[in-house]
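Listing of upload-v8.csv; format and content: CSV, C-alpha atoms and all ligand atoms.
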chain,number,residue,atom,x,y,z
Y,1,MET,CA,1.1,15.9,-7.0
Y,2,LEU,CA,-0.7,12.6,-7.5
Y,3,ASP,CA,-4.4,12.6,-8.1
Y,4,VAL,CA,-6.0,9.2,-8.6
Y,5,GLN,CA,-9.5,9.4,-9.8
Y,6,ASN,CA,-12.0,6.5,-9.9
Y,7,LEU,CA,-9.4,3.9,-10.7
Y,8,THR,CA,-10.8,0.5,-11.6
Y,9,ILE,CA,-8.7,-2.5,-12.5
Y,10,GLU,CA,-9.7,-5.9,-13.8
Y,11,TYR,CA,-7.8,-9.2,-14.3
Y,12,THR,CA,-8.9,-11.5,-17.0
Y,13,THR,CA,-9.1,-15.0,-15.4
Y,14,ALA,CA,-10.2,-18.4,-16.6
Y,15,ALA,CA,-13.2,-18.0,-14.3
Y,16,GLY,CA,-14.1,-14.6,-15.8
Y,17,PRO,CA,-13.2,-11.0,-15.1
Y,18,LEU,CA,-12.0,-10.2,-11.6
Y,19,ARG,CA,-12.4,-6.7,-10.5
Y,20,ALA,CA,-9.5,-6.3,-8.1
Y,21,VAL,CA,-9.8,-2.5,-7.7
Y,22,GLU,CA,-13.0,-0.5,-8.0
Y,23,ASP,CA,-13.6,3.2,-8.0
Y,24,VAL,CA,-10.5,4.1,-6.0
Y,25,SER,CA,-9.7,7.8,-5.6
Y,26,PHE,CA,-7.1,9.5,-3.5
Y,27,THR,CA,-4.5,12.3,-3.6
Y,28,LEU,CA,-0.9,12.5,-2.5
Y,29,GLN,CA,0.7,15.8,-1.7
Y,30,ARG,CA,4.4,16.5,-2.0
Y,31,GLY,CA,6.2,15.2,1.0
Y,32,GLU,CA,3.1,13.3,2.3
Y,33,SER,CA,3.3,9.8,3.5
Y,34,LEU,CA,0.2,7.7,2.9
Y,35,GLY,CA,-0.4,4.2,4.4
Y,36,ILE,CA,-2.6,1.6,2.7
Y,37,VAL,CA,-3.9,-1.2,4.8
Y,38,GLY,CA,-6.3,-4.1,4.4
Y,39,GLU,CA,-6.4,-7.8,4.5
Y,40,SER,CA,-4.7,-10.0,1.9
Y,41,GLY,CA,-6.2,-9.9,-1.5
Y,42,CYS,CA,-8.0,-6.5,-1.0
Y,43,GLY,CA,-6.2,-4.9,-4.0
Y,44,LYS,CA,-3.4,-2.9,-2.4
Y,45,THR,CA,-0.6,-4.2,-4.7
Y,46,THR,CA,-2.8,-4.0,-7.8
Y,47,ALA,CA,-3.8,-0.4,-7.1
Y,48,THR,CA,-0.3,0.7,-6.5
Y,49,ARG,CA,1.4,-1.2,-9.3
Y,50,ALA,CA,-1.1,0.4,-11.6
Y,51,LEU,CA,0.4,3.8,-10.7
Y,52,LEU,CA,3.6,2.7,-12.5
Y,53,ARG,CA,1.6,0.7,-15.1
Y,54,LEU,CA,3.3,-2.4,-13.8
Y,55,LEU,CA,0.3,-4.7,-14.0
Y,56,PRO,CA,0.6,-8.3,-15.1
Y,57,LYS,CA,-0.4,-9.0,-18.7
Y,58,ASN,CA,-3.9,-10.1,-17.7
Y,59,GLY,CA,-4.5,-7.0,-15.7
Y,60,ALA,CA,-5.9,-3.7,-17.2
Y,61,ILE,CA,-7.0,-0.3,-16.0
Y,62,THR,CA,-10.6,-0.3,-17.2
Y,63,ALA,CA,-11.6,3.1,-15.8
Y,64,GLY,CA,-10.2,6.2,-14.1
Y,65,ARG,CA,-7.3,8.6,-14.3
Y,66,ILE,CA,-3.9,8.8,-12.5
Y,67,LEU,CA,-2.8,12.4,-12.7
Y,68,PHE,CA,0.9,13.0,-11.9
Y,69,ASP,CA,1.6,16.7,-11.9
Y,70,GLY,CA,-1.5,17.0,-14.1
Y,71,ASP,CA,-0.6,14.4,-16.7
Y,72,ASP,CA,-2.7,11.3,-17.0
Y,73,LEU,CA,-0.4,8.3,-16.6
Y,74,VAL,CA,-3.1,6.0,-17.9
Y,75,ARG,CA,-2.7,7.6,-21.3
Y,76,LYS,CA,1.0,7.8,-21.5
Y,77,SER,CA,3.0,5.7,-23.9
Y,78,ASP,CA,5.2,2.8,-22.6
Y,79,ALA,CA,8.3,4.8,-23.4
Y,80,GLU,CA,7.1,7.8,-21.4
Y,81,ILE,CA,6.2,5.6,-18.5
Y,82,ARG,CA,9.6,3.9,-18.5
Y,83,ARG,CA,11.3,7.3,-18.2
Y,84,LEU,CA,9.1,8.1,-15.2
Y,85,ARG,CA,9.7,4.9,-13.3
Y,86,HIS,CA,12.5,4.8,-10.9
Y,87,ARG,CA,13.4,8.4,-11.7
Y,88,HIS,CA,10.1,10.0,-10.5
Y,89,ILE,CA,8.1,7.2,-9.0
Y,90,ALA,CA,10.1,4.3,-7.6
Y,91,LEU,CA,8.7,1.0,-6.4
Y,92,ILE,CA,10.0,-1.2,-3.6
Y,93,SER,CA,8.0,-4.2,-4.5
Y,94,GLN,CA,6.5,-6.9,-2.3
Y,95,SER,CA,9.0,-9.4,-3.6
Y,96,ALA,CA,11.8,-6.9,-3.7
Y,97,MET,CA,14.5,-9.2,-2.5
Y,98,ASN,CA,14.0,-11.4,-5.5
Y,99,ALA,CA,14.3,-8.3,-7.7
Y,100,LEU,CA,18.0,-8.2,-7.6
Y,101,ASN,CA,19.9,-9.8,-10.5
Y,102,PRO,CA,22.1,-12.6,-9.1
Y,103,VAL,CA,24.8,-12.3,-11.8
Y,104,TYR,CA,25.7,-8.6,-11.1
Y,105,THR,CA,27.0,-7.0,-7.9
Y,106,VAL,CA,24.5,-4.8,-6.2
Y,107,GLY,CA,26.6,-1.8,-6.9
Y,108,GLU,CA,26.6,-2.5,-10.6
Y,109,GLN,CA,22.9,-2.8,-10.6
Y,110,ILE,CA,22.2,0.5,-8.8
Y,111,LYS,CA,24.8,2.3,-11.0
Y,112,GLU,CA,23.2,1.0,-14.1
Y,113,GLY,CA,19.8,2.3,-13.0
Y,114,ILE,CA,21.3,5.7,-12.3
Y,115,ARG,CA,23.1,5.9,-15.6
Y,116,ALA,CA,20.0,4.8,-17.5
Y,117,HIS,CA,18.1,7.8,-16.2
Y,118,THR,CA,20.8,10.5,-15.8
Y,119,ARG,CA,23.9,11.8,-17.5
Y,120,MET,CA,26.1,11.0,-14.5
Y,121,SER,CA,29.6,9.7,-15.3
Y,122,ASP,CA,30.6,6.3,-14.0
Y,123,GLN,CA,32.4,8.0,-11.1
Y,124,GLU,CA,29.5,10.2,-10.2
Y,125,ALA,CA,27.1,7.3,-10.3
Y,126,ARG,CA,29.5,5.3,-8.0
Y,127,ALA,CA,29.6,8.2,-5.6
Y,128,ARG,CA,25.8,8.3,-5.5
Y,129,CYS,CA,25.7,4.6,-4.8
Y,130,VAL,CA,28.1,5.0,-1.8
Y,131,GLU,CA,25.8,7.8,-0.6
Y,132,VAL,CA,22.6,5.9,-0.8
Y,133,PHE,CA,24.2,2.8,0.8
Y,134,GLY,CA,25.2,5.1,3.6
Y,135,LEU,CA,21.6,6.3,3.9
Y,136,VAL,CA,20.3,2.7,4.4
Y,137,GLY,CA,23.2,1.8,6.7
Y,138,LEU,CA,25.3,-0.4,4.4
Y,139,GLU,CA,29.0,-0.1,4.1
Y,140,ALA,CA,30.3,1.0,0.7
Y,141,LYS,CA,32.3,-2.2,0.3
Y,142,ARG,CA,29.0,-4.0,0.1
Y,143,LEU,CA,28.5,-2.5,-3.3
Y,144,ASP,CA,30.9,-5.1,-4.6
Y,145,SER,CA,28.9,-8.0,-3.2
Y,146,TYR,CA,26.6,-10.2,-5.2
Y,147,PRO,CA,23.1,-10.6,-3.9
Y,148,HIS,CA,23.8,-14.1,-2.6
Y,149,GLN,CA,26.6,-12.7,-0.4
Y,150,LEU,CA,24.2,-10.5,1.5
Y,151,SER,CA,21.8,-11.4,4.3
Y,152,GLY,CA,18.1,-10.9,3.8
Y,153,GLY,CA,18.1,-7.6,5.7
Y,154,MET,CA,21.1,-6.3,3.7
Y,155,LYS,CA,19.4,-7.3,0.4
Y,156,GLN,CA,16.3,-5.5,1.4
Y,157,ARG,CA,18.3,-2.4,2.3
Y,158,ALA,CA,20.1,-2.6,-1.1
Y,159,VAL,CA,16.7,-2.7,-2.8
Y,160,ILE,CA,15.6,0.3,-0.8
Y,161,ALA,CA,18.9,2.1,-1.7
Y,162,MET,CA,18.2,1.4,-5.3
Y,163,ALA,CA,14.7,2.9,-5.1
Y,164,LEU,CA,16.2,6.0,-3.4
Y,165,SER,CA,19.1,6.4,-5.7
Y,166,LEU,CA,17.4,8.9,-8.1
Y,167,GLU,CA,15.6,10.8,-5.3
Y,168,PRO,CA,12.2,10.1,-6.7
Y,169,GLU,CA,9.2,12.3,-6.0
Y,170,ILE,CA,7.2,9.3,-4.9
Y,171,ILE,CA,8.4,6.1,-3.3
Y,172,VAL,CA,5.9,3.3,-3.4
Y,173,ALA,CA,6.8,0.7,-0.8
Y,174,ASP,CA,4.8,-2.5,-0.9
Y,175,GLU,CA,5.4,-4.3,2.4
Y,176,PRO,CA,9.1,-3.5,2.2
Y,177,THR,CA,10.0,-5.3,5.4
Y,178,THR,CA,7.6,-8.2,5.9
Y,179,ALA,CA,10.3,-10.8,5.1
Y,180,LEU,CA,12.5,-9.4,7.9
Y,181,ASP,CA,12.7,-9.9,11.6
Y,182,VAL,CA,11.0,-7.4,13.8
Y,183,VAL,CA,14.2,-5.6,14.9
Y,184,VAL,CA,15.6,-5.2,11.4
Y,185,GLN,CA,12.1,-4.2,10.3
Y,186,GLY,CA,12.0,-1.4,12.9
Y,187,ARG,CA,15.4,-0.1,12.0
Y,188,ILE,CA,14.7,0.0,8.2
Y,189,LEU,CA,11.4,1.7,8.7
Y,190,GLN,CA,13.0,4.3,10.9
Y,191,ARG,CA,15.6,4.9,8.3
Y,192,LEU,CA,13.0,5.2,5.5
Y,193,ARG,CA,11.3,7.9,7.5
Y,194,GLN,CA,14.5,9.8,8.0
Y,195,ILE,CA,15.5,9.5,4.3
Y,196,ARG,CA,12.0,10.5,3.2
Y,197,GLU,CA,12.3,13.7,5.2
Y,198,ARG,CA,15.8,14.4,3.9
Y,199,ILE,CA,15.0,14.0,0.2
Y,200,SER,CA,11.4,15.2,0.8
Y,201,SER,CA,9.9,12.4,-1.3
Y,202,SER,CA,6.3,11.4,-0.9
Y,203,MET,CA,5.6,7.8,0.1
Y,204,ILE,CA,2.9,5.3,-0.4
Y,205,PHE,CA,3.4,2.6,2.2
Y,206,ILE,CA,1.5,-0.7,2.0
Y,207,THR,CA,1.5,-2.8,5.0
Y,208,HIS,CA,-0.4,-5.5,7.0
Y,209,ASP,CA,0.9,-3.8,10.1
Y,210,ILE,CA,-1.4,-1.0,11.1
Y,211,SER,CA,0.9,0.2,13.9
Y,212,VAL,CA,3.5,1.1,11.3
Y,213,VAL,CA,1.0,3.4,9.6
Y,214,GLY,CA,0.3,5.1,13.0
Y,215,GLU,CA,4.0,5.8,13.4
Y,216,SER,CA,5.0,6.7,9.8
Y,217,CYS,CA,2.1,8.1,7.9
Y,218,GLU,CA,0.0,11.3,7.9
Y,219,THR,CA,-2.8,9.7,6.0
Y,220,ILE,CA,-4.3,6.3,5.8
Y,221,ILE,CA,-6.5,4.3,3.3
Y,222,VAL,CA,-8.3,1.2,4.4
Y,223,MET,CA,-9.1,-1.1,1.5
Y,224,TYR,CA,-11.5,-4.0,1.4
Y,225,GLY,CA,-12.7,-6.1,-1.5
Y,226,GLY,CA,-11.1,-3.7,-4.0
Y,227,ARG,CA,-12.7,-0.6,-2.6
Y,228,ILE,CA,-11.7,2.1,-0.2
Y,229,MET,CA,-13.6,1.7,3.0
Y,230,GLU,CA,-12.1,4.6,4.8
Y,231,ARG,CA,-9.7,7.4,4.0
Y,232,ALA,CA,-8.5,9.8,6.7
Y,233,ASP,CA,-5.9,11.8,8.4
Y,234,THR,CA,-4.1,9.2,10.5
Y,235,ARG,CA,-4.7,10.9,13.8
Y,236,SER,CA,-8.4,11.3,13.2
Y,237,PHE,CA,-8.5,7.7,12.0
Y,238,PHE,CA,-6.9,6.2,15.1
Y,239,ARG,CA,-8.9,8.5,17.4
Y,240,ALA,CA,-12.2,7.6,15.8
Y,241,PRO,CA,-12.4,5.1,13.0
Y,242,ALA,CA,-15.7,5.5,11.2
Y,243,HIS,CA,-16.1,2.3,9.2
Y,244,PRO,CA,-16.9,-1.0,11.0
Y,245,TYR,CA,-14.1,-2.7,9.1
Y,246,SER,CA,-11.6,-0.3,10.4
Y,247,MET,CA,-13.0,-0.8,13.9
Y,248,GLY,CA,-12.5,-4.5,13.5
Y,249,LEU,CA,-8.9,-4.0,12.3
Y,250,GLN,CA,-8.1,-1.6,15.2
Y,251,ASN,CA,-9.7,-4.1,17.5
Y,252,ALA,CA,-6.8,-6.4,16.7
Y,253,PHE,CA,-4.5,-3.8,18.3
Y,254,PRO,CA,-5.9,-2.9,21.7
Y,255,SER,CA,-3.0,-0.5,22.1
Y,256,ILE,CA,-1.2,0.3,18.9
Y,257,ALA,CA,1.6,2.3,20.7
Y,258,ASP,CA,2.4,-0.6,23.1
Y,259,ILE,CA,2.3,-3.4,20.7
Y,260,GLY,CA,4.4,-2.1,17.9
Y,261,HIS,CA,3.9,-5.0,15.6
Y,262,ALA,CA,1.1,-7.3,14.8
Y,263,ASP,CA,-0.8,-8.5,11.8
Y,264,LEU,CA,-4.3,-7.7,10.6
Y,265,VAL,CA,-6.4,-10.6,11.9
Y,266,SER,CA,-9.3,-11.4,14.1
Y,267,ILE,CA,-12.4,-10.3,12.2
Y,268,PRO,CA,-14.2,-13.6,11.7
Y,269,GLY,CA,-14.9,-14.7,8.2
Y,270,SER,CA,-13.1,-13.9,5.0
Y,271,PRO,CA,-13.1,-11.2,2.3
Y,272,PRO,CA,-15.6,-11.4,-0.6
Y,273,ASP,CA,-15.2,-13.3,-3.8
Y,274,LEU,CA,-14.2,-10.7,-6.4
Y,275,LEU,CA,-15.3,-12.9,-9.2
Y,276,ALA,CA,-18.9,-12.8,-8.1
Y,277,PRO,CA,-19.4,-9.3,-6.7
Y,278,GLN,CA,-22.7,-8.9,-4.7
Y,279,PRO,CA,-24.7,-5.7,-4.6
Y,280,GLY,CA,-24.5,-3.6,-1.4
Y,281,CYS,CA,-21.6,-3.0,0.9
Y,282,ARG,CA,-18.6,-5.2,0.4
Y,283,PHE,CA,-18.1,-5.7,4.1
Y,284,ARG,CA,-21.7,-6.5,5.0
Y,285,ALA,CA,-21.3,-10.2,5.3
Y,286,ARG,CA,-18.9,-9.7,8.2
Y,287,CYS,CA,-20.3,-6.5,9.6
Y,288,PRO,CA,-22.0,-6.7,13.0
Y,289,PHE,CA,-23.9,-3.6,12.2
Y,290,ALA,CA,-25.2,-4.3,8.7
Y,291,ASP,CA,-28.9,-4.1,8.1
Y,292,ALA,CA,-31.1,-5.9,5.6
Y,293,ASP,CA,-31.9,-2.8,3.6
Y,294,ALA,CA,-29.3,-0.2,2.4
Y,295,CYS,CA,-26.2,-2.4,3.3
Y,296,GLN,CA,-27.6,-5.3,1.3
Y,297,THR,CA,-28.6,-3.4,-1.8
Y,298,ARG,CA,-26.6,-0.2,-2.3
Y,299,THR,CA,-22.8,0.3,-2.4
Y,300,PRO,CA,-22.1,3.2,0.0
Y,301,PRO,CA,-19.9,6.0,-1.4
Y,302,LEU,CA,-17.2,7.7,0.7
Y,303,LEU,CA,-19.0,10.1,2.9
Y,304,GLN,CA,-17.3,12.8,4.8
Y,305,VAL,CA,-17.4,12.3,8.6
Y,306,ALA,CA,-14.9,14.9,9.8
Y,307,ASP,CA,-12.2,17.2,8.5
Y,308,ARG,CA,-10.0,15.1,6.1
Y,309,HIS,CA,-11.9,12.0,7.0
Y,310,TRP,CA,-14.2,9.9,4.9
Y,311,ALA,CA,-15.9,6.5,5.3
Y,312,ALA,CA,-17.9,4.3,2.9
Y,313,CYS,CA,-20.7,3.3,5.3
Y,314,TRP,CA,-24.4,4.2,5.3
Y,315,TYR,CA,-24.4,4.6,9.1
Y,316,THR,CA,-21.5,6.9,9.8
Y,317,ASP,CA,-23.8,8.9,12.0
Y,318,GLN,CA,-23.9,6.0,14.4
Y,319,ALA,CA,-20.1,5.4,14.3
Y,320,ALA,CA,-19.6,6.4,18.0
Y,321,GLY,CA,-22.1,3.7,19.2
Y,322,PHE,CA,-20.5,1.2,16.8
Y,323,ARG,CA,-17.1,1.9,18.2
Y,324,ALA,CA,-18.2,1.2,21.7
Y,325,ARG,CA,-19.8,-2.1,20.6
Y,326,ALA,CA,-16.9,-3.0,18.3
Y,327,ARG,CA,-14.5,-3.1,21.3
Y,328,ASP,CA,-16.3,-6.3,22.5
Y,329,HIS,CA,-15.1,-9.3,20.6
Y,330,ALA,CA,-18.4,-11.0,21.2
Y,331,THR,CA,-20.0,-8.4,18.8
Y,332,TRP,CA,-17.8,-9.9,16.0
Y,333,ARG,CA,-18.3,-13.5,17.0
Y,334,LYS,CA,-22.1,-13.0,16.9
Y,335,ALA,CA,-22.0,-11.5,13.5
Y,336,ALA,CA,-20.0,-14.5,12.3
Y,337,ALA,CA,-22.4,-16.9,14.0
Y,338,ASP,CA,-25.4,-15.2,12.4
Y,339,GLY,CA,-23.6,-15.9,9.0
Y,340,ARG,CA,-24.6,-12.6,7.6
U,401,LIG,N1,-2.3,-11.7,-12.0
U,401,LIG,C1,-3.4,-11.9,-11.5
U,401,LIG,N2,-4.4,-12.5,-12.1
U,401,LIG,C2,-5.7,-12.7,-11.6
U,401,LIG,N3,-6.0,-12.2,-10.4
U,401,LIG,C3,-5.1,-11.6,-9.7
U,401,LIG,C4,-3.8,-11.4,-10.2
U,401,LIG,N4,-3.0,-10.7,-9.2
U,401,LIG,C5,-3.9,-10.5,-8.2
U,401,LIG,N5,-5.1,-11.0,-8.5
U,401,LIG,C6,-6.3,-10.9,-7.6
U,401,LIG,O1,-6.6,-9.6,-7.4
U,401,LIG,C7,-7.0,-9.4,-6.0
U,401,LIG,C8,-6.1,-8.3,-5.4
U,401,LIG,O2,-4.8,-8.8,-5.3
U,401,LIG,P1,-3.6,-7.9,-4.7
U,401,LIG,O3,-2.4,-8.7,-4.9
U,401,LIG,O4,-3.7,-6.6,-5.3
U,401,LIG,O5,-4.0,-7.8,-3.2
U,401,LIG,P2,-3.1,-7.3,-1.9
U,401,LIG,O6,-4.1,-6.4,-1.2
U,401,LIG,O7,-1.9,-6.7,-2.4
U,401,LIG,O8,-2.9,-8.6,-1.1
U,401,LIG,P3,-1.6,-9.0,-0.2
U,401,LIG,O9,-1.8,-8.3,1.1
U,401,LIG,O10,-1.7,-10.5,0.0
U,401,LIG,O11,-0.4,-8.6,-0.9
U,401,LIG,C9,-7.0,-10.7,-5.3
U,401,LIG,O12,-8.3,-11.3,-5.4
U,401,LIG,C10,-6.0,-11.5,-6.2
U,401,LIG,O13,-6.4,-12.9,-6.2
U,402,MG,MG,0.1,-7.1,-2.0
Would you put the structure from the file into structure tokens?
Amino acid sequence: MLDVQNLTIEYTTAAGPLRAVEDVSFTLQRGESLGIVGESGCGKTTATRALLRLLPKNGAITAGRILFDGDDLVRKSDAEIRRLRHRHIALISQSAMNALNPVYTVGEQIKEGIRAHTRMSDQEARARCVEVFGLVGLEAKRLDSYPHQLSGGMKQRAVIAMALSLEPEIIVADEPTTALDVVVQGRILQRLRQIRERISSSMIFITHDISVVGESCETIIVMYGGRIMERADTRSFFRAPAHPYSMGLQNAFPSIADIGHADLVSIPGSPPDLLAPQPGCRFRARCPFADADACQTRTPPLLQVADRHWAACWYTDQAAGFRARARDHATWRKAAADGR
């Protein structure tokens, strides 16, 4: 349904062009749930907002195609894209809770969205609002509340209800629950899963919490420095990550099933400066297994390592050995100390 090909996005900044997303390709099937993970600043929000052409003014798609049911969204007019947003591809944005308009009740806002995209009568739209509020576990009487009268968790659920109200083919959820406490987070994620199954939407789920991907998504993309490092069937990924960066991320979660929640941390060092891209692999400076040859000079393409599993590493044939060594935190500390 969605086929993103070689997407590259640049921001114009005072310090020069910043390539936030480079050569990103992936597909999304009907009903599929895709998780995107990676440290802060690696391009997750940029890549997904571009799908709805919601980039800030200084951001532009400089290469690539975004095929939605065969049509290239990069080439569509603004008016065409506006018709598509919300109705066919809905975004629950990272700052979703601030997205509600304080001067209207949440019910009015959701209804307005429905009526802008459909021919529903006022009454029908109201009935739909009640229905989607029910889906996210909010009482119908809350439709008449103003945003400031709702708790953080309720506001977030209202925003999710709004995204669901037109039963879009694709829901893009950009860290939809990070502002919430763990219990509420868990409940909302569970509900999102149920809803997705019921209305059979596809979902792109961005998160810092790799365990959520394990529980909720069939496929995973790991981004680093604007590029895809690994793309895989979730099961295959958790069984045998093939990129050292993914191994480092998973290392932060000794037992994903037990922990439930944690953030992406613990690989020493920090992501690369996107204003001054270096040749070679983006991850090489922090990679315990990088060599002075290929890794320094040539950017690895995504190479297939198993069925529905690709990694952008020159040494995927040595992944099993890397995995064993990656489990030892000393391996990572040594790479950092070497200052590679
Ligand atoms: N409007 C902007 N102008 C210039 N640079 C930007 C802009 N928005 C984002 N960037 C830069 O683009 C890169 C990718 O940012 P993006 O927000 O897509 O990352 P992210 O993976 O979503 O991070 P986070 O996990 O913190 O949300 C970063 O280096 C960021 O500083
Ligand atoms: Mg983001």
Proximity check chain Y to ligand LIG 401 (chain U), 7 Å, nearest pairs one decimal Å, only C-alpha atoms and all ligand atoms, as JSON lines:
{"residue": "Y:Tyr11", "atom": "CA", "partner": "U:LIG401", "partner_atom": "C2", "distance": 4.9}
{"residue": "Y:Thr12", "atom": "CA", "partner": "U:LIG401", "partner_atom": "C2", "distance": 6.4}
{"residue": "Y:Thr13", "atom": "CA", "partner": "U:LIG401", "partner_atom": "C2", "distance": 5.6}
{"residue": "Y:Leu18", "atom": "CA", "partner": "U:LIG401", "partner_atom": "N3", "distance": 6.4}
{"residue": "Y:Ala20", "atom": "CA", "partner": "U:LIG401", "partner_atom": "O1", "distance": 4.4}
{"residue": "Y:Gly38", "atom": "CA", "partner": "U:LIG401", "partner_atom": "O6", "distance": 6.4}
{"residue": "Y:Glu39", "atom": "CA", "partner": "U:LIG401", "partner_atom": "O9", "distance": 5.7}
{"residue": "Y:Ser40", "atom": "CA", "partner": "U:LIG401", "partner_atom": "O9", "distance": 3.5}
{"residue": "Y:Gly41", "atom": "CA", "partner": "U:LIG401", "partner_atom": "O5", "distance": 3.5}
{"residue": "Y:Cys42", "atom": "CA", "partner": "U:LIG401", "partner_atom": "O6", "distance": 3.9}
{"residue": "Y:Gly43", "atom": "CA", "partner": "U:LIG401", "partner_atom": "O4", "distance": 3.3}
{"residue": "Y:Lys44", "atom": "CA", "partner": "U:LIG401", "partner_atom": "O6", "distance": 3.8}
{"residue": "Y:Thr45", "atom": "CA", "partner": "U:LIG401", "partner_atom": "O7", "distance": 3.6}
{"residue": "Y:Thr46", "atom": "CA", "partner": "U:LIG401", "partner_atom": "O4", "distance": 3.7}
{"residue": "Y:Ala47", "atom": "CA", "partner": "U:LIG401", "partner_atom": "O4", "distance": 6.5}
{"residue": "Y:Pro56", "atom": "CA", "partner": "U:LIG401", "partner_atom": "N1", "distance": 5.4}
{"residue": "Y:Asn58", "atom": "CA", "partner": "U:LIG401", "partner_atom": "N2", "distance": 6.1}
{"residue": "Y:Gly59", "atom": "CA", "partner": "U:LIG401", "partner_atom": "N1", "distance": 6.4}
{"residue": "Y:His208", "atom": "CA", "partner": "U:LIG401", "partner_atom": "O9", "distance": 6.7}
{"residue": "Y:Gly226", "atom": "CA", "partner": "U:LIG401", "partner_atom": "C8", "distance": 6.9}
{"residue": "Y:Leu274", "atom": "CA", "partner": "U:LIG401", "partner_atom": "O12", "distance": 6.0}
For the selection just defined, write its residues with C-alpha atoms to a file, as a short mmCIF file (atom, residue, chain, number, x, y, z; two decimals), in the frame of the given file.
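Result file is part_1.cif:
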data_model
loop_
_atom_site.label_atom_id
_atom_site.label_comp_id
_atom_site.auth_asym_id
_atom_site.auth_seq_id
_atom_site.Cartn_x
_atom_site.Cartn_y
_atom_site.Cartn_z
CA TYR Y 11 -7.80 -9.20 -14.30
CA THR Y 12 -8.90 -11.50 -17.00
CA THR Y 13 -9.10 -15.00 -15.40
CA LEU Y 18 -12.00 -10.20 -11.60
CA ALA Y 20 -9.50 -6.30 -8.10
CA GLY Y 38 -6.30 -4.10 4.40
CA GLU Y 39 -6.40 -7.80 4.50
CA SER Y 40 -4.70 -10.00 1.90
CA GLY Y 41 -6.20 -9.90 -1.50
CA CYS Y 42 -8.00 -6.50 -1.00
CA GLY Y 43 -6.20 -4.90 -4.00
CA LYS Y 44 -3.40 -2.90 -2.40
CA THR Y 45 -0.60 -4.20 -4.70
CA THR Y 46 -2.80 -4.00 -7.80
CA ALA Y 47 -3.80 -0.40 -7.10
CA PRO Y 56 0.60 -8.30 -15.10
CA ASN Y 58 -3.90 -10.10 -17.70
CA GLY Y 59 -4.50 -7.00 -15.70
CA HIS Y 208 -0.40 -5.50 7.00
CA GLY Y 226 -11.10 -3.70 -4.00
CA LEU Y 274 -14.20 -10.70 -6.40
#
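Here atom CA of Ala290 of chain Y and atom CA of Ala337 of chain Y stand 14.0 Å from one another.
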Within 6 Å of (5.3, 4.2, -1.3) in the file's own coordinates, which protein, DNA or RNA residues have an atom, counting only C-alpha atoms? List them as a compact mmCIF listing (two decimals) with C-alpha atoms, in the frame of the given file.
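part-v4.txt, written as the output of this step:
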# COMPACT_ATOMS: atom_id res chain seq x y z
CA ILE Y 171 8.40 6.10 -3.30
CA VAL Y 172 5.90 3.30 -3.40
CA ALA Y 173 6.80 0.70 -0.80
CA MET Y 203 5.60 7.80 0.10
CA ILE Y 204 2.90 5.30 -0.40
CA PHE Y 205 3.40 2.60 2.20
For this session: Find the residue from Y:His243, Y:Arg235, Y:Arg308, Y:His88 that sits nearest to Leu166 of chain Y; use all atoms listed in the file when measuring.
Result: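 Among Y:His243, Y:Arg235, Y:Arg308, Y:His88, it is Y:His88 that comes nearest to Leu166 of chain Y.
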Exercise. Nearest to ligand MG 402 (chain U) among Y:Met223, Y:Ala140, Y:Ile210, Y:Ala240, with distances taken over only C-alpha atoms and all ligand atoms: which residue is it?
Worked result: Y:Met223
For this session: Rank nothing, just name the residue among Y:Ala158, Y:Ile36, Y:Ala14, Y:Met229 nearest to ligand MG 402 (chain U), using all atoms listed in the file.
Result: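 The answer is Y:Ile36, which sits nearest to ligand MG 402 (chain U).
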Within 7 Å of segment 189-202 of chain Y, counting only C-alpha atoms, which residues show up once you throw out same-chain ones fewer than 5 positions away? Write them as a short mmCIF file (atom, residue, chain, number, x, y, z; two decimals) with C-alpha atoms, in the coordinates of the input, please.
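And here's part.cif as it stands now:
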data_model
loop_
_atom_site.label_atom_id
_atom_site.label_comp_id
_atom_site.auth_asym_id
_atom_site.auth_seq_id
_atom_site.Cartn_x
_atom_site.Cartn_y
_atom_site.Cartn_z
CA ARG Y 30 4.40 16.50 -2.00
CA GLY Y 31 6.20 15.20 1.00
CA GLU Y 32 3.10 13.30 2.30
CA SER Y 33 3.30 9.80 3.50
CA LEU Y 135 21.60 6.30 3.90
CA VAL Y 136 20.30 2.70 4.40
CA GLU Y 167 15.60 10.80 -5.30
CA PRO Y 168 12.20 10.10 -6.70
CA GLU Y 169 9.20 12.30 -6.00
CA ILE Y 170 7.20 9.30 -4.90
CA ILE Y 171 8.40 6.10 -3.30
CA SER Y 216 5.00 6.70 9.80
#
For this session: Excluding Arg298 of chain Y and any residue of its chain fewer than 2 positions from it, enumerate the residues within 8 Å of it, using all atoms listed in the file, and give them as an MDAnalysis selection string.
Result: chainID Y and resid 279:281 294:296 300
Exercise. Which neighbours of segment 313-325 of chain Y fall inside 10 Å, counting all atoms listed in the file, when residues of the same chain fewer than 5 positions from it are skipped, and could you give them as number ranges by chain?
Worked result: Y: 229-230, 240-248, 251, 281, 283-284, 288-291, 294-295, 298-305, 330-332
For this session: Find the residues near Arg85 of chain Y: any atom within 10 Å, counting only C-alpha atoms, skip ones fewer than 3 places away on the same chain, and give them as a ChimeraX atom specification.
Result: /Y:51-54,80-82,88-91,117,163,168,170
Exercise. What lies within 7 Å of Val24 of chain Y using only C-alpha atoms, ignoring chain neighbours under 5 positions off, as a PyMOL selection string?
Worked result: chain Y and resi 5-8+227-228
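Remark: for ligand MG 402 (chain U), the closest of the candidate residues Y:Arg65, Y:Arg115, Y:Arg126, Y:Arg49 is Y:Arg49 (distances computed over all atoms listed in the file).
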